[in-house]
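> Sharing a structure here in structure tokens format.
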Amino acid sequence: MKRVAAGEARVRIGGMISIPAMLQGLGSDPGPVLAEAGVDGSLFDDPENLISYLSRGHLLDICVARTGCQHFGLLVGQRNGLEALGLVGLLVKYSPDVGTALRSLVRYRHLHVRGAVATLEVEDGWVTLGYATVLQEAEANDQVGDAAVASIFNIMRALCGPDWSPAEVRFSHRRPMDVGPYRRFFRAPLRFDSEQYAVVFAAEWLARRMGSDDPMLRRLLQQQIDALESRHGDDFPGQVRSVLRTGLLTGHGSAGQVAVLFSMHSRTLHRRLKVFGTNFHQLADECRFEIARQMLEDSTMNVSGIASALDYADVRAFSRAFRRWTGGTPVQWRLKHARAT
């Protein structure tokens, strides 16, 4: 399977453009902090510059350590919105309605950042708009997740107006010692130790028309994005993985259910994956491992809860799978890798 290797994953610096000013505002000299992280300060001169996914995580980790601000990622995300997404942000902005805008966001977000996926689930009158990393080896995934959720919140406010508010905001990491900054920014119910980073809101917002709709401009933007995507190559397995992450956590992760989302028969799904040297079972197995690792490292959810979330029959079945993945038990992995609060 052609996965996004850690060394290949890149993200536009636009989403982090405020970091030097933030460091200064928190009493830290940006120069030494960036130098310690091995990040060239000139990268912040142009939002289109790229930084590796791993370097971004390393920089955020050092920013937290040097400023003592445990919600540094949240502050980064508060300063982000559609403008941080470049062409993709413009396509979203000039969509006819919120539903179309969010489908474009999910479909093309990989052009803004490789190594993470956006997810959109609509069920029982509720929308879950989420974010998930597929590079667990990166540092500060909790900070990146906080930034992503805050950015999603800002995007929804931009699309829907100030009357929009989420029913719940979810975080995959454990509850922080100080939840005040989260409460003040989101002003909504917060849920930590969740299966995903996400905002949940009423599905009726999807039909909301957007005053900035511009069909001609949208066609031009679509052409540019199509050309950009063609240069990235066809990553059908990556698209399936992005759908699988949500599917596995919501009980909609079978090959048939995923195939429907791509408007194809399950046989076609299997055939297309075979061209890339992989199969649906392998992708699902890898996604379960990634989700399990994230939950064990970042949350305090117990092992039985994680097993249930991943639809294993019981803890023993989950433990057998985890031993196959790592050679050890989930508890051993958590003791070795769990992130400090």
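Quick note on naming: the chains in the structure tokens go A, B, ... in the order shown, residues restart at 1 in each chain, and ligands are numbered from 1 in order of appearance.
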Name the residues of range 180-317 of chain A that come out as alpha helix (DSSP H) in a backbone DSSP run; write them as a PyMOL selection string.
chain A and resi 180-186+215-232+236-250+255-261+266-275+280-298+303-309+315-317
> Please identify all polymer residues within 6 Å of Ala307 in chain A, counting only C-alpha atoms, omitting same-chain residues fewer than 5 positions from it, and present them as a ChimeraX atom specification.
/A:312,315,318
> May I have the residues from that selection written out with N, CA and C atoms, as a JSON list (two decimals), in the first residue's frame?

[["chain", "number", "residue", "atom", "x", "y", "z"],
["A", 312, "TYR", "N", -14.64, -4.51, 18.55],
["A", 312, "TYR", "CA", -14.14, -5.85, 18.86],
["A", 312, "TYR", "C", -15.14, -6.55, 19.77],
["A", 315, "VAL", "N", -12.52, -7.55, 25.10],
["A", 315, "VAL", "CA", -11.17, -7.07, 25.35],
["A", 315, "VAL", "C", -10.14, -8.08, 24.88],
["A", 318, "PHE", "N", -9.52, -7.71, 21.17],
["A", 318, "PHE", "CA", -8.74, -6.50, 20.93],
["A", 318, "PHE", "C", -7.28, -6.72, 21.34]]
> Quick check for you: according to DSSP on this backbone, which residues of range 12-237 of chain A are classed as strand (DSSP E or B)? Reply as a ChimeraX atom specification.
/A:12,50-52,97,113,116-123,126-133,168-170,190-191,197-202,209
> Can you list, as JSON, numbers by chain, every protein, DNA or RNA residue that comes within 8 Å of range 172-179 of chain A when you count only C-alpha atoms, leaving out same-chain residues fewer than 2 positions away?
{"A": [142, 145, 170, 181, 182, 183, 192, 193, 194, 195, 196, 197, 294, 295, 298, 299, 300, 341]}
> Using only C-alpha atoms, determine which residues lie at most 12 Å from Ser308 in chain A, disregarding the query and same-chain residues fewer than 6 positions distant; provide the list as a ChimeraX atom specification.
/A:195,248-251,288,292,301-302,314-319
> Got a sec: who's within 8 Å of range 125-134 of chain A, counting only C-alpha atoms, leaving out chain neighbours fewer than 4 positions off, as a ChimeraX atom specification?
/A:115-121,141,145,148-149,152,196-204,290
> Work out how far CA of Pro47 in chain A is from CA of Ile225 in chain A, in Å to one decimal.
17.3 Å
> So which one's closest to His270 in chain A, A:Ser254, A:Thr100, A:Thr329, A:Ser52? Using only C-alpha atoms, please.
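The shortest atom-to-atom distance to His270 in chain A comes from A:Ser254.
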> Using only C-alpha atoms, find the one residue out of A:Asp163, A:Phe171, A:Arg10, A:Ala207 that sits nearest to Leu111 in chain A.
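Ranking A:Asp163, A:Phe171, A:Arg10, A:Ala207 by distance to Leu111 in chain A, first place goes to A:Arg10.
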> Which of these residues is nearest to Met16 in chain A, using only C-alpha atoms: A:Phe72, A:Phe153, A:Trp325, A:Phe276?
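Closest to Met16 in chain A of all the choices is A:Phe72.
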> Please determine, counting only C-alpha atoms, which residue among A:Met216, A:Val260, A:Ile19, A:Ala284 has the shortest atom-to-atom distance to Asn80 in chain A.
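Closest residue, counting only C-alpha atoms: A:Ile19.
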> Could you tell me which of A:Gly27, A:Gly73, A:Pro237, A:Pro215 comes closest to Gln143 in chain A if we count only C-alpha atoms?
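Result for the nearest residue to Gln143 in chain A: A:Gly73.
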> Could you pull the residues within 10 Å of Gly15 in chain A, counting only C-alpha atoms, minus those fewer than 6 positions along the same chain, as a list in words?
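The contact residues come out as Pro47, Glu48, Val76, Gly77, Arg79, Asn80, Gly81, Leu82, Glu83, Ala84, Leu85, Gly86, His112, Val113, Ala147, Ala148 and Ser151 of chain A.
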> Have a look at CA of Leu220 in chain A and CA of Leu91 in chain A and let me know their distance in Å, one decimal.
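According to the coordinates, CA of Leu220 in chain A and CA of Leu91 in chain A are separated by 9.3 Å.
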> Between CA of Gly41 in chain A and CA of Asp29 in chain A, what distance in Å does the model show, to one decimal?
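About the pair CA of Gly41 in chain A and CA of Asp29 in chain A: they are 12.0 Å apart.
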> Would you please work out which residue, of A:Leu74, A:Ser104, A:Arg66, A:Glu139, is nearest to Asn154 in chain A when using only C-alpha atoms?
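Smallest distance to Asn154 in chain A is found for A:Leu74.
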